[in-house]
Amino acid sequence: MRRSALFNLLSVGFLSLVSITIAGCCCCCGDTSGINLPSPAELPPEIQLIVDELEADDHYVTVENGKVTGIDIGSKDKTPALLEKLPKLSTLVSLTMNDMNLNDEDLDHIQSLTNLEMLELYGNNLTGASLDRLNGMQRLSHLDLDGNPITDESMVHVSNLSNLATLYLNSTEVTDAGIAKLQNHA
């Protein structure tokens, strides 16, 4: 049933979506090539402290032109201190927070990250009630919601992401009806 939704979605030209995956695995996971670790001279001291703490916990941090552009927090349990620091990293383009036991309220900490182009939230506890917090992320082109208990109703919020090109919905409760909500907002 879900595969038919995939083919129907692509055949009608959903938004500007280039790909959507409902079954399968993201093959970009684990690629750490191109990671540029910052030198203390590149970043403002308050940001360098955050980066140092993240790197000490084996997180991957990408710095370009003196700005933190990417963080892969990995499979760590969330901590309030970590989540509270994320809004300070306003230059983030890529954020991976997979398998962190995040819930809907935790997305409050990232909704101000409007430069994000890639957001991976695989394997958390997001029900979809919080996906409206992503509406300000109009640059978002890659969204991974695999393994979250999101439902058809939350697809209305996803449809508001005008630059979305890749959407992962593996192991969710999204059905053909949810995909239709995406098509209706095209």
# chains A, B, ... in the order shown; residues from 1 in each chain; ligands from 1

$ residues_around --residues "segment 76-93 of chain A" --least-positions-apart "4" --cutoff "8 Å" --atoms "only C-alpha atoms" --output "list of chain:residue names"
A:Ile47, A:Ile50, A:Lys67, A:Val68, A:Thr69, A:Gly70, A:Ile71, A:Asp99, A:Met100, A:Asn101, A:Leu102, A:Asp106, A:His109, A:Ile110, A:Ser112, A:Leu113, A:Thr114, A:Asn115, A:Leu116, A:Glu117, A:Met118

$ write_last_selection --atoms "C-alpha atoms" --output "PDB file, in the first residue's frame"
ATOM      1  CA  ILE A  47      30.677  28.906  19.963  1.00  0.00           C
ATOM      2  CA  ILE A  50      29.950  24.396  22.423  1.00  0.00           C
ATOM      3  CA  LYS A  67      31.053  29.105  10.961  1.00  0.00           C
ATOM      4  CA  VAL A  68      29.609  25.889  12.329  1.00  0.00           C
ATOM      5  CA  THR A  69      27.560  24.518   9.436  1.00  0.00           C
ATOM      6  CA  GLY A  70      26.934  20.927  10.449  1.00  0.00           C
ATOM      7  CA  ILE A  71      26.579  18.760  13.518  1.00  0.00           C
ATOM      8  CA  ASP A  99      18.080   7.899  17.963  1.00  0.00           C
ATOM      9  CA  MET A 100      18.195  10.535  20.701  1.00  0.00           C
ATOM     10  CA  ASN A 101      14.809   9.837  22.267  1.00  0.00           C
ATOM     11  CA  LEU A 102      13.579  13.289  21.202  1.00  0.00           C
ATOM     12  CA  ASP A 106      12.371  19.040  21.989  1.00  0.00           C
ATOM     13  CA  HIS A 109      15.085  24.052  20.542  1.00  0.00           C
ATOM     14  CA  ILE A 110      15.685  23.837  16.806  1.00  0.00           C
ATOM     15  CA  SER A 112      14.979  28.983  15.148  1.00  0.00           C
ATOM     16  CA  LEU A 113      17.566  27.226  12.949  1.00  0.00           C
ATOM     17  CA  THR A 114      16.157  28.671   9.738  1.00  0.00           C
ATOM     18  CA  ASN A 115      19.333  28.061   7.695  1.00  0.00           C
ATOM     19  CA  LEU A 116      18.936  24.296   7.905  1.00  0.00           C
ATOM     20  CA  GLU A 117      18.933  22.500   4.569  1.00  0.00           C
ATOM     21  CA  MET A 118      19.240  18.984   5.991  1.00  0.00           C
TER      22      MET A 118
END

$ select_by_dssp --residues "segment 115-185 of chain A" --states "helix (DSSP H, G or I)" --output "list in words"
Leu131, Asp132, Arg133, Leu134, Asp152, Glu153, Ser154, Met155, Val156, His157, Val158, Asp176, Ala177, Gly178, Ile179, Ala180, Lys181, Leu182, Gln183 and Asn184 of chain A

$ write_last_selection --atoms "N, CA, C and O atoms" --output "short mmCIF file (atom, residue, chain, number, x, y, z; two decimals), in the first residue's frame"
data_model
loop_
_atom_site.label_atom_id
_atom_site.label_comp_id
_atom_site.auth_asym_id
_atom_site.auth_seq_id
_atom_site.Cartn_x
_atom_site.Cartn_y
_atom_site.Cartn_z
N LEU A 131 5.62 19.07 14.19
CA LEU A 131 6.23 19.36 12.89
C LEU A 131 5.90 20.76 12.38
O LEU A 131 6.58 21.26 11.49
N ASP A 132 4.92 21.41 12.96
CA ASP A 132 4.65 22.80 12.59
C ASP A 132 5.83 23.70 12.97
O ASP A 132 6.02 24.76 12.39
N ARG A 133 6.67 23.26 13.90
CA ARG A 133 7.84 24.03 14.30
C ARG A 133 8.89 24.09 13.19
O ARG A 133 9.82 24.87 13.26
N LEU A 134 8.74 23.27 12.19
CA LEU A 134 9.68 23.27 11.06
C LEU A 134 9.28 24.28 9.98
O LEU A 134 10.05 24.52 9.05
N ASP A 152 -0.58 10.45 9.43
CA ASP A 152 -1.06 11.17 8.25
C ASP A 152 -1.33 12.64 8.53
O ASP A 152 -1.06 13.50 7.70
N GLU A 153 -1.88 12.95 9.70
CA GLU A 153 -2.26 14.33 10.02
C GLU A 153 -1.07 15.29 9.98
O GLU A 153 -1.21 16.45 9.64
N SER A 154 0.11 14.81 10.32
CA SER A 154 1.28 15.69 10.36
C SER A 154 1.81 16.05 8.98
O SER A 154 2.61 16.97 8.85
N MET A 155 1.35 15.40 7.95
CA MET A 155 1.85 15.69 6.61
C MET A 155 1.45 17.08 6.12
O MET A 155 2.10 17.64 5.25
N VAL A 156 0.43 17.65 6.71
CA VAL A 156 0.04 19.03 6.37
C VAL A 156 1.21 19.97 6.67
O VAL A 156 1.52 20.86 5.89
N HIS A 157 1.88 19.75 7.80
CA HIS A 157 3.01 20.60 8.18
C HIS A 157 4.19 20.39 7.24
O HIS A 157 4.88 21.33 6.87
N VAL A 158 4.43 19.16 6.85
CA VAL A 158 5.53 18.85 5.94
C VAL A 158 5.29 19.50 4.58
O VAL A 158 6.21 19.99 3.94
N ASP A 176 -1.21 5.99 2.57
CA ASP A 176 -1.59 6.66 1.32
C ASP A 176 -2.37 7.95 1.59
O ASP A 176 -2.22 8.93 0.87
N ALA A 177 -3.19 7.93 2.63
CA ALA A 177 -3.97 9.13 2.97
C ALA A 177 -3.05 10.30 3.35
O ALA A 177 -3.31 11.44 2.99
N GLY A 178 -1.98 10.02 4.06
CA GLY A 178 -1.02 11.06 4.42
C GLY A 178 -0.28 11.59 3.21
O GLY A 178 -0.06 12.79 3.07
N ILE A 179 0.07 10.69 2.30
CA ILE A 179 0.72 11.11 1.07
C ILE A 179 -0.22 11.99 0.24
O ILE A 179 0.20 12.97 -0.36
N ALA A 180 -1.50 11.65 0.27
CA ALA A 180 -2.49 12.46 -0.45
C ALA A 180 -2.52 13.89 0.11
O ALA A 180 -2.71 14.84 -0.64
N LYS A 181 -2.32 14.04 1.42
CA LYS A 181 -2.29 15.39 2.01
C LYS A 181 -1.12 16.18 1.44
O LYS A 181 -1.23 17.39 1.23
N LEU A 182 -0.01 15.51 1.18
CA LEU A 182 1.12 16.18 0.56
C LEU A 182 0.75 16.62 -0.85
O LEU A 182 1.04 17.73 -1.29
N GLN A 183 0.10 15.75 -1.59
CA GLN A 183 -0.29 16.06 -2.97
C GLN A 183 -1.30 17.19 -3.03
O GLN A 183 -1.24 18.04 -3.90
N ASN A 184 -2.21 17.26 -2.07
CA ASN A 184 -3.25 18.29 -2.06
C ASN A 184 -2.70 19.68 -1.80
O ASN A 184 -3.36 20.66 -2.10
#

$ closest_residue --among "A:Gln111, A:Asn98, A:Asn103, A:Val174" --to "Asp144 of chain A" --atoms "only C-alpha atoms"
A:Asn98

$ residues_around --residues "Gly147 of chain A" --least-positions-apart "3" --cutoff "7 Å" --atoms "only C-alpha atoms" --output "list of chain:residue names"
A:Tyr122, A:Gly123, A:Asn124, A:Asn170, A:Ser171, A:Thr172

$ closest_residue --among "A:Leu143, A:Thr96, A:Asp52, A:Tyr60" --to "Asn163 of chain A" --atoms "only C-alpha atoms"
A:Leu143

$ atom_distance --atom1 "atom CA of Gly128 of chain A" --atom2 "atom CA of Thr62 of chain A"
28.5 Å

$ atom_distance --atom1 "atom CA of Glu120 of chain A" --atom2 "atom CA of Leu145 of chain A"
6.8 Å

$ residues_around --residues "His142 of chain A" --least-positions-apart "6" --cutoff "7 Å" --atoms "only C-alpha atoms" --output "PyMOL selection string"
chain A and resi 117-119+164-167

$ write_last_selection --atoms "N, CA and C atoms" --output "mmCIF file, in the first residue's frame"
data_model
loop_
_atom_site.group_PDB
_atom_site.id
_atom_site.type_symbol
_atom_site.label_atom_id
_atom_site.label_comp_id
_atom_site.auth_asym_id
_atom_site.auth_seq_id
_atom_site.Cartn_x
_atom_site.Cartn_y
_atom_site.Cartn_z
ATOM 1 N N GLU A 117 19.283 23.100 5.854
ATOM 2 C CA GLU A 117 18.933 22.500 4.569
ATOM 3 C C GLU A 117 18.731 20.998 4.714
ATOM 4 N N MET A 118 19.375 20.417 5.734
ATOM 5 C CA MET A 118 19.240 18.984 5.991
ATOM 6 C C MET A 118 18.972 18.768 7.477
ATOM 7 N N LEU A 119 17.913 18.024 7.762
ATOM 8 C CA LEU A 119 17.555 17.710 9.142
ATOM 9 C C LEU A 119 17.216 16.232 9.215
ATOM 10 N N LEU A 164 11.525 21.322 -0.014
ATOM 11 C CA LEU A 164 11.768 19.933 0.324
ATOM 12 C C LEU A 164 11.934 19.088 -0.931
ATOM 13 N N ALA A 165 13.075 18.415 -1.033
ATOM 14 C CA ALA A 165 13.357 17.564 -2.187
ATOM 15 C C ALA A 165 13.431 16.094 -1.797
ATOM 16 N N THR A 166 13.797 15.809 -0.556
ATOM 17 C CA THR A 166 13.937 14.430 -0.096
ATOM 18 C C THR A 166 13.240 14.281 1.246
ATOM 19 N N LEU A 167 12.362 13.309 1.329
ATOM 20 C CA LEU A 167 11.601 13.048 2.549
ATOM 21 C C LEU A 167 11.650 11.554 2.836
#

$ atom_distance --atom1 "atom CA of Glu64 of chain A" --atom2 "atom CA of Asp146 of chain A"
28.4 Å

$ residues_around --residues "Glu105 of chain A" --least-positions-apart "5" --cutoff "10 Å" --atoms "only C-alpha atoms" --output "NGL selection string"
:A and (126 or 129-130 or 133)

$ write_last_selection --atoms "C-alpha atoms" --output "CSV table (one decimal), in the first residue's frame"
chain,number,residue,atom,x,y,z
A,126,LEU,CA,8.2,12.6,17.4
A,129,ALA,CA,2.3,17.3,16.6
A,130,SER,CA,5.5,19.3,16.6
A,133,ARG,CA,7.8,24.0,14.3

$ closest_residue --among "A:Glu173, A:Tyr168, A:Asn125, A:Ser94" --to "Met137 of chain A" --atoms "only C-alpha atoms"
A:Ser94

$ closest_residue --among "A:Thr175, A:Ser162, A:Gln138, A:Leu107" --to "Ile150 of chain A" --atoms "only C-alpha atoms"
A:Thr175
